[in-house]
>>> print(open('upload22.txt').read())   # compact mmCIF, C-alpha atoms and all ligand atoms
# COMPACT_ATOMS: atom_id res chain seq x y z
CA MET U 1 -67.59 -60.81 10.25
CA ASN U 2 -65.28 -60.40 7.26
CA ASP U 3 -63.53 -63.65 6.26
CA SER U 4 -60.14 -61.97 6.25
CA GLU U 5 -60.43 -60.87 9.87
CA ILE U 6 -58.37 -62.75 12.42
CA THR U 7 -59.67 -63.09 15.98
CA THR U 8 -57.04 -63.33 18.71
CA ILE U 9 -57.86 -65.05 21.98
CA GLU U 10 -55.29 -64.80 24.76
CA VAL U 11 -54.57 -67.75 27.02
CA GLY U 12 -52.97 -66.70 30.29
CA GLY U 13 -50.96 -68.58 32.88
CA GLU U 14 -47.27 -69.23 33.37
CA ARG U 15 -46.67 -69.67 29.61
CA PRO U 16 -49.20 -67.40 27.89
CA TYR U 17 -49.98 -67.84 24.21
CA GLN U 18 -52.58 -66.88 21.63
CA VAL U 19 -55.27 -68.78 19.76
CA LEU U 20 -55.90 -67.24 16.33
CA VAL U 21 -59.19 -67.93 14.55
CA GLY U 22 -59.60 -67.00 10.87
CA HIS U 23 -58.59 -68.08 7.40
CA ASP U 24 -55.18 -68.56 5.71
CA LEU U 25 -53.12 -68.41 8.87
CA LEU U 26 -49.94 -70.16 7.71
CA GLY U 27 -48.02 -66.89 7.59
CA GLU U 28 -48.42 -66.79 11.38
CA LEU U 29 -46.64 -70.12 11.87
CA PRO U 30 -42.89 -69.40 11.43
CA PRO U 31 -42.71 -66.62 14.08
CA LEU U 32 -44.13 -69.09 16.61
CA LEU U 33 -41.11 -71.32 15.97
CA ALA U 34 -38.52 -68.53 16.10
CA GLY U 35 -35.08 -70.04 16.63
CA ALA U 36 -36.01 -73.45 15.20
CA ALA U 37 -33.80 -74.96 12.49
CA ARG U 38 -36.25 -77.84 11.98
CA ALA U 39 -39.85 -78.71 12.81
CA ALA U 40 -41.64 -82.04 12.75
CA VAL U 41 -45.04 -81.86 11.08
CA LEU U 42 -47.30 -84.57 12.52
CA TYR U 43 -50.45 -85.30 10.54
CA ALA U 44 -52.85 -88.13 9.66
CA PRO U 45 -53.61 -89.17 6.04
CA PRO U 46 -56.76 -87.01 5.56
CA LEU U 47 -54.65 -83.89 6.22
CA LYS U 48 -51.78 -84.78 3.84
CA GLU U 49 -52.38 -81.81 1.56
CA TYR U 50 -52.67 -79.24 4.36
CA ALA U 51 -49.57 -80.72 6.01
CA ALA U 52 -47.67 -80.30 2.72
CA ARG U 53 -48.66 -76.60 2.70
CA VAL U 54 -47.52 -76.32 6.30
CA ALA U 55 -44.18 -77.86 5.31
CA ASP U 56 -43.84 -75.37 2.41
CA ALA U 57 -44.52 -72.44 4.76
CA LEU U 58 -41.83 -73.66 7.14
CA ARG U 59 -39.30 -74.25 4.35
CA ALA U 60 -39.93 -70.78 2.93
CA ALA U 61 -39.09 -69.35 6.36
CA GLY U 62 -35.82 -71.31 6.58
CA ILE U 63 -37.13 -74.05 8.91
CA ALA U 64 -36.52 -77.60 7.63
CA PRO U 65 -39.79 -79.56 7.85
CA LEU U 66 -39.82 -83.21 8.92
CA PRO U 67 -43.23 -84.59 7.87
CA ILE U 68 -44.38 -87.59 9.95
CA GLU U 69 -47.58 -89.36 8.92
CA LEU U 70 -49.48 -90.95 11.81
CA PRO U 71 -52.24 -93.58 11.76
CA ASP U 72 -55.58 -91.79 11.69
CA ALA U 73 -57.76 -90.91 14.68
CA GLU U 74 -57.39 -92.93 17.92
CA ALA U 75 -55.11 -95.50 16.21
CA GLY U 76 -52.46 -92.77 16.25
CA LYS U 77 -52.89 -91.97 19.93
CA THR U 78 -50.61 -94.68 21.29
CA ILE U 79 -47.25 -94.82 23.02
CA GLU U 80 -45.88 -96.87 20.10
CA VAL U 81 -46.74 -94.09 17.64
CA ALA U 82 -45.21 -91.48 19.95
CA ALA U 83 -42.06 -93.63 20.21
CA ARG U 84 -41.83 -93.77 16.41
CA CYS U 85 -41.95 -89.97 16.36
CA TRP U 86 -39.17 -89.71 18.97
CA ASP U 87 -37.04 -92.06 16.84
CA ALA U 88 -37.58 -89.76 13.86
CA LEU U 89 -36.68 -86.65 15.87
CA GLY U 90 -33.54 -88.39 17.12
CA GLN U 91 -32.46 -89.38 13.62
CA ALA U 92 -33.01 -85.82 12.40
CA GLY U 93 -31.02 -84.34 15.31
CA PHE U 94 -33.81 -82.31 16.92
CA THR U 95 -32.50 -79.93 19.61
CA ARG U 96 -34.35 -77.96 22.28
CA THR U 97 -34.92 -75.01 19.96
CA ASP U 98 -36.50 -77.19 17.26
CA GLY U 99 -40.26 -77.74 17.33
CA VAL U 100 -43.28 -79.88 16.60
CA VAL U 101 -46.37 -78.91 14.64
CA GLY U 102 -49.63 -80.84 15.10
CA VAL U 103 -51.87 -80.76 12.02
CA GLY U 104 -55.27 -82.42 12.25
CA GLY U 105 -57.98 -83.48 14.62
CA GLY U 106 -57.74 -83.77 18.38
CA ALA U 107 -56.07 -87.17 18.21
CA VAL U 108 -53.12 -85.77 16.26
CA THR U 109 -52.83 -82.59 18.33
CA ASP U 110 -52.90 -84.68 21.55
CA VAL U 111 -50.08 -86.93 20.35
CA ALA U 112 -48.09 -84.05 18.81
CA GLY U 113 -48.27 -82.20 22.13
CA PHE U 114 -47.17 -85.32 23.98
CA VAL U 115 -44.24 -85.93 21.62
CA ALA U 116 -43.15 -82.32 22.16
CA ALA U 117 -43.69 -82.47 25.93
CA CYS U 118 -41.36 -85.44 26.31
CA TRP U 119 -38.68 -84.84 23.68
CA LEU U 120 -35.64 -83.46 25.56
CA ARG U 121 -38.20 -82.90 28.40
CA GLY U 122 -40.04 -80.28 26.40
CA VAL U 123 -39.73 -78.52 23.05
CA PRO U 124 -42.17 -76.02 21.50
CA VAL U 125 -45.35 -77.30 19.88
CA VAL U 126 -47.61 -75.26 17.61
CA GLN U 127 -51.09 -76.66 17.10
CA LEU U 128 -52.92 -76.35 13.77
CA PRO U 129 -56.27 -78.01 14.55
CA ALA U 130 -58.28 -78.95 11.48
CA SER U 131 -61.38 -80.44 13.13
CA LEU U 132 -64.00 -78.47 15.02
CA LEU U 133 -63.26 -80.44 18.17
CA GLY U 134 -59.55 -79.78 17.78
CA MET U 135 -60.15 -76.04 17.46
CA VAL U 136 -62.57 -75.58 20.33
CA ASP U 137 -61.00 -78.00 22.75
CA ALA U 138 -58.11 -80.40 22.10
CA ALA U 139 -55.52 -78.01 20.66
CA VAL U 140 -56.06 -75.41 23.38
CA GLY U 141 -55.01 -75.84 26.98
CA GLY U 142 -51.90 -78.01 26.92
CA LYS U 143 -53.42 -81.37 27.91
CA THR U 144 -51.47 -83.86 25.82
CA GLY U 145 -51.31 -87.63 25.89
CA VAL U 146 -52.07 -91.10 24.61
CA ASN U 147 -54.50 -93.88 25.47
CA THR U 148 -53.44 -97.10 27.20
CA ALA U 149 -55.10 -100.51 27.50
CA ALA U 150 -56.60 -99.36 30.83
CA GLY U 151 -58.28 -96.28 29.45
CA LYS U 152 -58.40 -92.95 27.72
CA ASN U 153 -55.54 -90.42 27.96
CA LEU U 154 -54.01 -92.25 30.91
CA VAL U 155 -50.45 -91.26 30.01
CA GLY U 156 -49.68 -87.66 29.22
CA ALA U 157 -48.33 -84.31 30.29
CA PHE U 158 -49.43 -80.70 30.65
CA HIS U 159 -47.51 -78.86 27.94
CA PRO U 160 -49.01 -75.60 26.68
CA PRO U 161 -48.48 -74.87 22.98
CA ALA U 162 -46.50 -71.88 21.70
CA GLY U 163 -49.59 -70.95 19.71
CA VAL U 164 -52.76 -72.34 18.14
CA LEU U 165 -53.87 -71.48 14.60
CA CYS U 166 -57.51 -72.35 13.87
CA ASP U 167 -57.87 -72.04 10.11
CA LEU U 168 -61.63 -72.22 9.54
CA SER U 169 -61.08 -73.03 5.84
CA THR U 170 -59.88 -76.49 6.86
CA LEU U 171 -63.38 -77.31 8.13
CA ARG U 172 -64.60 -77.46 4.50
CA THR U 173 -63.20 -80.97 4.12
CA LEU U 174 -64.14 -82.20 7.61
CA PRO U 175 -66.77 -84.97 7.33
CA ARG U 176 -70.16 -83.84 8.63
CA VAL U 177 -70.18 -86.59 11.26
CA ASP U 178 -66.93 -85.23 12.74
CA LEU U 179 -68.19 -81.65 12.69
CA VAL U 180 -71.27 -82.72 14.62
CA ALA U 181 -69.12 -84.71 17.06
CA GLY U 182 -67.16 -81.52 17.73
CA LEU U 183 -70.40 -79.73 18.55
CA ALA U 184 -70.77 -81.94 21.63
CA GLU U 185 -67.81 -80.14 23.24
CA VAL U 186 -69.22 -76.80 22.11
CA VAL U 187 -72.52 -77.66 23.80
CA LYS U 188 -70.54 -78.70 26.90
CA CYS U 189 -69.07 -75.16 27.02
CA GLY U 190 -72.59 -73.78 26.73
CA PHE U 191 -73.82 -75.71 29.76
CA ILE U 192 -70.82 -75.09 32.00
CA ALA U 193 -70.09 -71.45 31.24
CA ASP U 194 -71.69 -69.67 28.29
CA PRO U 195 -75.42 -70.38 27.76
CA ALA U 196 -75.49 -68.08 24.68
CA ILE U 197 -73.76 -70.99 22.95
CA LEU U 198 -76.86 -73.12 23.52
CA ASP U 199 -79.12 -70.48 21.96
CA LEU U 200 -76.86 -70.31 18.88
CA VAL U 201 -76.72 -74.10 18.54
CA GLU U 202 -80.49 -74.37 18.91
CA ASP U 203 -80.92 -71.66 16.26
CA ASP U 204 -78.52 -72.93 13.56
CA PRO U 205 -74.99 -74.18 14.33
CA ASP U 206 -73.82 -73.85 10.73
CA ARG U 207 -74.88 -70.23 10.49
CA HIS U 208 -73.14 -69.37 13.75
CA LEU U 209 -70.12 -71.64 13.36
CA ARG U 210 -67.41 -68.99 13.67
CA GLU U 211 -69.04 -67.40 16.69
CA LEU U 212 -69.42 -70.85 18.27
CA VAL U 213 -65.74 -71.59 17.73
CA GLU U 214 -64.71 -68.28 19.26
CA ARG U 215 -67.07 -68.55 22.23
CA ALA U 216 -66.01 -72.12 23.03
CA VAL U 217 -62.31 -71.23 22.72
CA ARG U 218 -62.90 -68.29 25.10
CA VAL U 219 -64.52 -70.60 27.65
CA LYS U 220 -61.59 -72.99 27.46
CA ALA U 221 -58.93 -70.25 27.41
CA ASP U 222 -60.42 -68.61 30.47
CA VAL U 223 -60.38 -71.85 32.46
CA VAL U 224 -56.95 -73.20 31.45
CA GLY U 225 -55.38 -69.76 31.89
CA LYS U 226 -56.37 -69.95 35.56
CA ASP U 227 -55.73 -73.65 36.23
CA LEU U 228 -53.43 -75.35 33.72
CA ARG U 229 -52.78 -78.45 35.86
CA GLU U 230 -56.38 -79.15 36.85
CA SER U 231 -55.97 -78.51 40.53
CA GLY U 232 -59.61 -77.41 40.74
CA LEU U 233 -61.44 -75.15 38.29
CA ARG U 234 -60.24 -77.01 35.17
CA GLU U 235 -62.27 -80.05 36.17
CA ILE U 236 -65.36 -78.29 34.80
CA LEU U 237 -64.04 -78.94 31.27
CA ASN U 238 -64.42 -82.63 32.06
CA TYR U 239 -68.21 -82.31 32.22
CA GLY U 240 -69.69 -85.43 30.60
CA HIS U 241 -66.31 -87.16 30.37
CA THR U 242 -66.52 -89.59 33.32
CA LEU U 243 -69.06 -91.80 31.58
CA GLY U 244 -67.97 -90.65 28.10
CA HIS U 245 -64.42 -91.96 28.43
CA ALA U 246 -65.74 -95.26 29.83
CA ILE U 247 -67.91 -95.65 26.71
CA GLU U 248 -64.93 -94.90 24.46
CA LYS U 249 -62.88 -97.57 26.22
CA ARG U 250 -65.71 -100.13 25.98
CA GLU U 251 -66.02 -99.37 22.27
CA ARG U 252 -62.24 -99.81 21.87
CA TYR U 253 -62.05 -96.21 20.69
CA ALA U 254 -64.16 -96.91 17.61
CA TRP U 255 -66.76 -94.38 18.81
CA ARG U 256 -65.98 -90.74 18.17
CA HIS U 257 -65.03 -88.83 21.32
CA GLY U 258 -67.81 -86.29 20.78
CA HIS U 259 -70.41 -89.04 20.48
CA ALA U 260 -69.38 -90.64 23.77
CA ILE U 261 -69.29 -87.23 25.48
CA SER U 262 -72.80 -86.53 24.24
CA VAL U 263 -74.12 -89.58 26.11
CA GLY U 264 -71.94 -88.61 29.07
CA LEU U 265 -73.45 -85.13 29.20
CA VAL U 266 -77.01 -86.48 29.26
CA TYR U 267 -75.95 -88.91 31.99
CA ALA U 268 -74.33 -86.16 34.10
CA ALA U 269 -77.50 -84.08 33.79
CA ALA U 270 -79.64 -87.03 34.94
CA LEU U 271 -77.29 -87.59 37.85
CA ALA U 272 -77.51 -83.96 38.93
CA ARG U 273 -81.30 -83.96 38.64
CA LEU U 274 -81.66 -87.17 40.64
CA ALA U 275 -79.24 -85.80 43.24
CA GLY U 276 -81.55 -82.82 43.64
CA ARG U 277 -79.01 -80.38 42.24
CA LEU U 278 -80.42 -79.57 38.78
CA ASP U 279 -83.86 -78.49 37.65
CA GLU U 280 -85.83 -80.71 35.25
CA PRO U 281 -85.95 -78.28 32.25
CA THR U 282 -82.17 -77.74 32.22
CA ALA U 283 -81.58 -81.48 32.49
CA LEU U 284 -84.02 -82.11 29.64
CA ARG U 285 -82.35 -79.43 27.53
CA HIS U 286 -79.18 -81.57 27.42
CA ARG U 287 -81.07 -84.34 25.69
CA THR U 288 -82.98 -82.09 23.31
CA VAL U 289 -80.06 -79.97 22.16
CA LEU U 290 -77.72 -82.95 21.66
CA ALA U 291 -80.32 -85.22 20.04
CA GLY U 292 -81.37 -82.26 17.88
CA LEU U 293 -77.85 -82.21 16.45
CA GLY U 294 -78.09 -85.92 15.66
CA LEU U 295 -75.73 -86.88 18.50
CA PRO U 296 -76.28 -90.11 20.46
CA VAL U 297 -77.97 -89.70 23.85
CA GLU U 298 -78.41 -93.41 24.73
CA TYR U 299 -76.20 -96.43 25.27
CA SER U 300 -76.57 -100.14 26.07
CA ILE U 301 -78.21 -100.78 29.46
CA ARG U 302 -76.27 -104.04 29.75
CA ALA U 303 -72.98 -102.15 29.62
CA TRP U 304 -73.46 -100.61 33.07
CA PRO U 305 -71.20 -102.94 35.13
CA GLU U 306 -68.36 -102.52 32.64
CA LEU U 307 -68.79 -98.75 32.44
CA HIS U 308 -69.00 -98.44 36.21
CA ALA U 309 -65.71 -100.32 36.56
CA ALA U 310 -64.03 -98.30 33.79
CA MET U 311 -64.99 -95.01 35.46
CA ARG U 312 -62.71 -95.84 38.42
CA VAL U 313 -59.61 -94.70 36.51
CA ASP U 314 -61.18 -91.34 35.68
CA LYS U 315 -58.62 -88.68 36.56
CA LYS U 316 -61.06 -86.91 38.86
CA SER U 317 -61.30 -90.02 41.08
CA ARG U 318 -59.61 -89.87 44.46
CA GLY U 319 -58.81 -93.28 45.92
CA ASN U 320 -62.02 -95.31 45.70
CA ARG U 321 -64.24 -92.21 45.36
CA LEU U 322 -65.73 -91.37 42.00
CA ARG U 323 -66.21 -87.63 41.45
CA PHE U 324 -68.47 -86.12 38.79
CA VAL U 325 -68.79 -82.65 37.36
CA VAL U 326 -72.50 -81.81 37.55
CA LEU U 327 -74.55 -78.64 37.26
CA GLY U 328 -76.28 -76.86 40.11
CA GLY U 329 -78.01 -74.80 37.39
CA LEU U 330 -77.18 -73.43 33.97
CA ALA U 331 -73.51 -72.34 33.93
CA ARG U 332 -73.11 -73.40 37.56
CA PRO U 333 -70.75 -76.39 37.48
CA GLU U 334 -69.94 -78.14 40.75
CA ILE U 335 -68.54 -81.44 41.97
CA LEU U 336 -70.66 -84.39 43.06
CA ASP U 337 -68.33 -86.34 45.32
CA ALA U 338 -68.76 -90.08 45.90
CA PRO U 339 -72.39 -90.46 44.80
CA PRO U 340 -73.99 -93.70 46.03
CA GLU U 341 -74.07 -96.62 43.62
CA ASP U 342 -77.87 -96.75 43.46
CA LEU U 343 -77.91 -93.11 42.31
CA LEU U 344 -75.28 -93.80 39.65
CA ARG U 345 -77.32 -96.75 38.41
CA ALA U 346 -80.63 -94.86 38.48
CA ALA U 347 -79.13 -92.08 36.37
CA TYR U 348 -77.77 -94.67 33.95
CA GLU U 349 -81.25 -96.10 33.50
CA GLU U 350 -82.17 -92.75 31.93
CA VAL U 351 -79.64 -93.22 29.11
CA GLY U 352 -79.64 -97.02 28.98
CA ILE U 353 -81.46 -98.82 26.16
CA GLU U 354 -81.94 -102.53 25.39
N1 LIG U 401 -56.34 -82.42 24.90
C1 LIG U 401 -57.55 -82.03 25.12
O1 LIG U 401 -57.82 -81.12 25.91
C2 LIG U 401 -58.66 -82.70 24.38
C3 LIG U 401 -59.93 -82.10 24.37
C4 LIG U 401 -60.95 -82.73 23.69
C5 LIG U 401 -60.71 -83.90 22.98
N2 LIG U 401 -59.45 -84.41 22.98
C6 LIG U 401 -59.16 -85.60 22.17
O2 LIG U 401 -59.39 -85.27 20.81
C7 LIG U 401 -59.73 -86.45 20.09
C8 LIG U 401 -60.98 -86.22 19.27
O3 LIG U 401 -60.71 -85.21 18.32
P1 LIG U 401 -61.48 -85.16 16.92
O4 LIG U 401 -62.93 -85.17 17.14
O5 LIG U 401 -60.87 -84.09 16.12
O6 LIG U 401 -61.16 -86.58 16.32
P2 LIG U 401 -59.97 -87.09 15.36
O7 LIG U 401 -58.70 -86.42 15.64
O8 LIG U 401 -60.02 -88.56 15.42
O9 LIG U 401 -60.48 -86.58 13.93
C9 LIG U 401 -61.66 -87.12 13.40
C10 LIG U 401 -61.46 -87.49 11.93
O10 LIG U 401 -61.49 -86.29 11.15
C11 LIG U 401 -60.33 -86.22 10.32
N3 LIG U 401 -60.08 -84.82 10.06
C12 LIG U 401 -59.72 -83.88 10.97
N4 LIG U 401 -59.71 -82.68 10.37
C13 LIG U 401 -60.07 -82.87 9.08
C14 LIG U 401 -60.25 -82.02 7.98
N5 LIG U 401 -60.08 -80.71 8.08
N6 LIG U 401 -60.63 -82.56 6.81
C15 LIG U 401 -60.83 -83.91 6.70
N7 LIG U 401 -60.68 -84.76 7.71
C16 LIG U 401 -60.32 -84.25 8.89
C17 LIG U 401 -59.29 -86.96 11.12
O11 LIG U 401 -58.18 -87.31 10.32
C18 LIG U 401 -60.12 -88.13 11.63
O12 LIG U 401 -60.29 -89.09 10.62
C19 LIG U 401 -59.93 -87.55 21.12
O13 LIG U 401 -58.78 -88.34 21.18
C20 LIG U 401 -60.07 -86.77 22.41
O14 LIG U 401 -59.67 -87.51 23.54
C21 LIG U 401 -58.45 -83.84 23.66
O1 LIG U 402 -59.12 -79.69 28.81
C1 LIG U 402 -59.65 -80.34 29.71
O2 LIG U 402 -59.28 -80.25 30.88
C2 LIG U 402 -60.74 -81.27 29.41
O3 LIG U 402 -61.18 -82.02 30.27
C3 LIG U 402 -61.30 -81.23 28.03
C4 LIG U 402 -61.89 -82.53 27.54
O4 LIG U 402 -62.82 -82.19 26.53
C5 LIG U 402 -60.87 -83.46 26.89
O5 LIG U 402 -61.54 -84.55 26.31
C6 LIG U 402 -59.72 -83.92 27.73
O6 LIG U 402 -58.76 -84.59 26.96
C7 LIG U 402 -60.13 -84.88 28.82
O7 LIG U 402 -59.11 -84.94 29.74
P1 LIG U 402 -58.85 -86.15 30.70
O8 LIG U 402 -57.92 -85.54 31.69
O9 LIG U 402 -60.15 -86.58 31.31
O10 LIG U 402 -58.22 -87.22 29.92
ZN ZN U 403 -63.43 -83.97 25.51
>>> encode(input="upload22.txt", output="structure tokens")
Amino acid sequence: MNDSEITTIEVGGERPYQVLVGHDLLGELPPLLAGAARAAVLYAPPLKEYAARVADALRAAGIAPLPIELPDAEAGKTIEVAARCWDALGQAGFTRTDGVVGVGGGAVTDVAGFVAACWLRGVPVVQLPASLLGMVDAAVGGKTGVNTAAGKNLVGAFHPPAGVLCDLSTLRTLPRVDLVAGLAEVVKCGFIADPAILDLVEDDPDRHLRELVERAVRVKADVVGKDLRESGLREILNYGHTLGHAIEKRERYAWRHGHAISVGLVYAAALARLAGRLDEPTALRHRTVLAGLGLPVEYSIRAWPELHAAMRVDKKSRGNRLRFVVLGGLARPEILDAPPEDLLRAAYEEVGIE
């Protein structure tokens, strides 16, 4: 595909929008904020230069930019940081037609979406993801939020963006470790919905990067277009996240999300196999494809009691029942409701190491 081509992926639902994938997309930003006199540009330090270009593009279109630098990564995904942003919007006189632009990885787009969701009970947000994970997952779908002491993303809102601009050129500066972390969510999409993704990843993820981005965005767009508020189908996007989020909490968010999800995916596959739902080769493929990318597939065996307790606040839980997304086969996600504790523990022994 020619570098100058822009791919448009439609996201349906009550507030439809488009995800654009290509290069040099800043010209597409101002029309998404039509009617805005000002726009806050939320970014973390590694994206300072890109955020300055975003601000220039807004200014040139007659929209006054309000740059707000956030602490990087998970340190920025707190209610205190969101409150600082609301103070800044208040001081600058942001009205309901003004907007927010999230520039960066998934942590920044999550908090930018949350700031926009709550300010005046909802103003437009445009997401400019700059990490692979942000492009294929976090910036798409309108899940916004922050972490709390009790766990990951426990406070948030569903607030679909006005548009998402995935500028692939930004990936040139993304550290390799973060690119690989993003591949964990891409692999997730392969297992739950689009197995061609797995073939491409097993062949050469770098060679197929653009196609992987587009395929993963299509998986996500299809699901969130049908079930924005996670009343059913959307839960499949949480594959690997029940254990993954518990690991992130235990690590005090010092582990990358994609790394924790990688372990969580291998765990979910072991659970499904031991529950008699998933065949051995497909379960094994989780480990081989993720480990082949250099992603972690093991975690401390001693951590089990803590992880088990942390999983209780997973958003798929109902009362005291834990619920897991598992596979009944390749691209056949289903729910495993209230699995017995000995099964949960036995599956953990397959990822647990001394
Ligand atoms: N809302 C959702 O649906 C959803 C989906 C998946 C993940 N998430 C959230 O997304 C977050 C993980 O996202 P992530 O993997 O992007 O992590 P991240 O946002 O922490 O970014 C990782 C690092 O890469 C840097 N970075 C990003 N783009 C860069 C670029 N182009 N050049 C140089 N540095 C760059 C960031 O500043 C950060 O230091 C987690 O908080 C996770 O919970 C949300
Ligand atoms: O979009 C979704 O829905 C997902 O579950 C995608 C996940 O990759 C993402 O990490 C999401 O933030 C997790 O949501 P949560 O509701 O479990 O916090
Ligand atoms: Zn995720």
>>> closest_residue(input="upload22.txt", among="U:Val125, U:Val136, U:Leu58, U:Leu209", to="ligand LIG 401 (chain U)", atoms="only C-alpha atoms and all ligand atoms")
U:Val136
>>> residues_near_ligand(input="upload22.txt", ligand="ligand ZN 403 (chain U)", cutoff="12 Å", atoms="all atoms listed in the file", output="PDB file with C-alpha atoms, in the frame of the given file")
ATOM      1  CA  GLY U 106     -57.740 -83.770  18.380  1.00  0.00           C
ATOM      2  CA  ALA U 107     -56.070 -87.170  18.210  1.00  0.00           C
ATOM      3  CA  ASP U 110     -52.900 -84.680  21.550  1.00  0.00           C
ATOM      4  CA  LEU U 132     -64.000 -78.470  15.020  1.00  0.00           C
ATOM      5  CA  LEU U 133     -63.260 -80.440  18.170  1.00  0.00           C
ATOM      6  CA  GLY U 134     -59.550 -79.780  17.780  1.00  0.00           C
ATOM      7  CA  MET U 135     -60.150 -76.040  17.460  1.00  0.00           C
ATOM      8  CA  VAL U 136     -62.570 -75.580  20.330  1.00  0.00           C
ATOM      9  CA  ASP U 137     -61.000 -78.000  22.750  1.00  0.00           C
ATOM     10  CA  ALA U 138     -58.110 -80.400  22.100  1.00  0.00           C
ATOM     11  CA  ALA U 139     -55.520 -78.010  20.660  1.00  0.00           C
ATOM     12  CA  VAL U 140     -56.060 -75.410  23.380  1.00  0.00           C
ATOM     13  CA  GLY U 141     -55.010 -75.840  26.980  1.00  0.00           C
ATOM     14  CA  LYS U 143     -53.420 -81.370  27.910  1.00  0.00           C
ATOM     15  CA  THR U 144     -51.470 -83.860  25.820  1.00  0.00           C
ATOM     16  CA  LYS U 152     -58.400 -92.950  27.720  1.00  0.00           C
ATOM     17  CA  ASN U 153     -55.540 -90.420  27.960  1.00  0.00           C
ATOM     18  CA  ALA U 181     -69.120 -84.710  17.060  1.00  0.00           C
ATOM     19  CA  GLY U 182     -67.160 -81.520  17.730  1.00  0.00           C
ATOM     20  CA  LEU U 183     -70.400 -79.730  18.550  1.00  0.00           C
ATOM     21  CA  ALA U 184     -70.770 -81.940  21.630  1.00  0.00           C
ATOM     22  CA  GLU U 185     -67.810 -80.140  23.240  1.00  0.00           C
ATOM     23  CA  VAL U 186     -69.220 -76.800  22.110  1.00  0.00           C
ATOM     24  CA  VAL U 187     -72.520 -77.660  23.800  1.00  0.00           C
ATOM     25  CA  LYS U 188     -70.540 -78.700  26.900  1.00  0.00           C
ATOM     26  CA  CYS U 189     -69.070 -75.160  27.020  1.00  0.00           C
ATOM     27  CA  LYS U 220     -61.590 -72.990  27.460  1.00  0.00           C
ATOM     28  CA  GLU U 235     -62.270 -80.050  36.170  1.00  0.00           C
ATOM     29  CA  ILE U 236     -65.360 -78.290  34.800  1.00  0.00           C
ATOM     30  CA  LEU U 237     -64.040 -78.940  31.270  1.00  0.00           C
ATOM     31  CA  ASN U 238     -64.420 -82.630  32.060  1.00  0.00           C
ATOM     32  CA  TYR U 239     -68.210 -82.310  32.220  1.00  0.00           C
ATOM     33  CA  GLY U 240     -69.690 -85.430  30.600  1.00  0.00           C
ATOM     34  CA  HIS U 241     -66.310 -87.160  30.370  1.00  0.00           C
ATOM     35  CA  THR U 242     -66.520 -89.590  33.320  1.00  0.00           C
ATOM     36  CA  LEU U 243     -69.060 -91.800  31.580  1.00  0.00           C
ATOM     37  CA  GLY U 244     -67.970 -90.650  28.100  1.00  0.00           C
ATOM     38  CA  HIS U 245     -64.420 -91.960  28.430  1.00  0.00           C
ATOM     39  CA  GLU U 248     -64.930 -94.900  24.460  1.00  0.00           C
ATOM     40  CA  ARG U 256     -65.980 -90.740  18.170  1.00  0.00           C
ATOM     41  CA  HIS U 257     -65.030 -88.830  21.320  1.00  0.00           C
ATOM     42  CA  GLY U 258     -67.810 -86.290  20.780  1.00  0.00           C
ATOM     43  CA  HIS U 259     -70.410 -89.040  20.480  1.00  0.00           C
ATOM     44  CA  ALA U 260     -69.380 -90.640  23.770  1.00  0.00           C
ATOM     45  CA  ILE U 261     -69.290 -87.230  25.480  1.00  0.00           C
ATOM     46  CA  SER U 262     -72.800 -86.530  24.240  1.00  0.00           C
ATOM     47  CA  GLY U 264     -71.940 -88.610  29.070  1.00  0.00           C
ATOM     48  CA  LEU U 265     -73.450 -85.130  29.200  1.00  0.00           C
TER      49      LEU U 265
END
>>> residues_around(input="upload22.txt", residues="segment 193-208 of chain U", least_positions_apart="2", cutoff="10 Å", atoms="all atoms listed in the file", output="JSON list (two decimals) with C-alpha atoms, in the frame of the given file")
[["chain", "number", "residue", "atom", "x", "y", "z"],
["U", 179, "LEU", "CA", -68.19, -81.65, 12.69],
["U", 180, "VAL", "CA", -71.27, -82.72, 14.62],
["U", 183, "LEU", "CA", -70.40, -79.73, 18.55],
["U", 186, "VAL", "CA", -69.22, -76.80, 22.11],
["U", 187, "VAL", "CA", -72.52, -77.66, 23.80],
["U", 188, "LYS", "CA", -70.54, -78.70, 26.90],
["U", 189, "CYS", "CA", -69.07, -75.16, 27.02],
["U", 190, "GLY", "CA", -72.59, -73.78, 26.73],
["U", 191, "PHE", "CA", -73.82, -75.71, 29.76],
["U", 210, "ARG", "CA", -67.41, -68.99, 13.67],
["U", 211, "GLU", "CA", -69.04, -67.40, 16.69],
["U", 212, "LEU", "CA", -69.42, -70.85, 18.27],
["U", 213, "VAL", "CA", -65.74, -71.59, 17.73],
["U", 215, "ARG", "CA", -67.07, -68.55, 22.23],
["U", 216, "ALA", "CA", -66.01, -72.12, 23.03],
["U", 218, "ARG", "CA", -62.90, -68.29, 25.10],
["U", 219, "VAL", "CA", -64.52, -70.60, 27.65],
["U", 220, "LYS", "CA", -61.59, -72.99, 27.46],
["U", 223, "VAL", "CA", -60.38, -71.85, 32.46],
["U", 236, "ILE", "CA", -65.36, -78.29, 34.80],
["U", 237, "LEU", "CA", -64.04, -78.94, 31.27],
["U", 285, "ARG", "CA", -82.35, -79.43, 27.53],
["U", 286, "HIS", "CA", -79.18, -81.57, 27.42],
["U", 288, "THR", "CA", -82.98, -82.09, 23.31],
["U", 289, "VAL", "CA", -80.06, -79.97, 22.16],
["U", 290, "LEU", "CA", -77.72, -82.95, 21.66],
["U", 292, "GLY", "CA", -81.37, -82.26, 17.88],
["U", 293, "LEU", "CA", -77.85, -82.21, 16.45],
["U", 330, "LEU", "CA", -77.18, -73.43, 33.97],
["U", 331, "ALA", "CA", -73.51, -72.34, 33.93],
["U", 332, "ARG", "CA", -73.11, -73.40, 37.56],
["U", 333, "PRO", "CA", -70.75, -76.39, 37.48]]
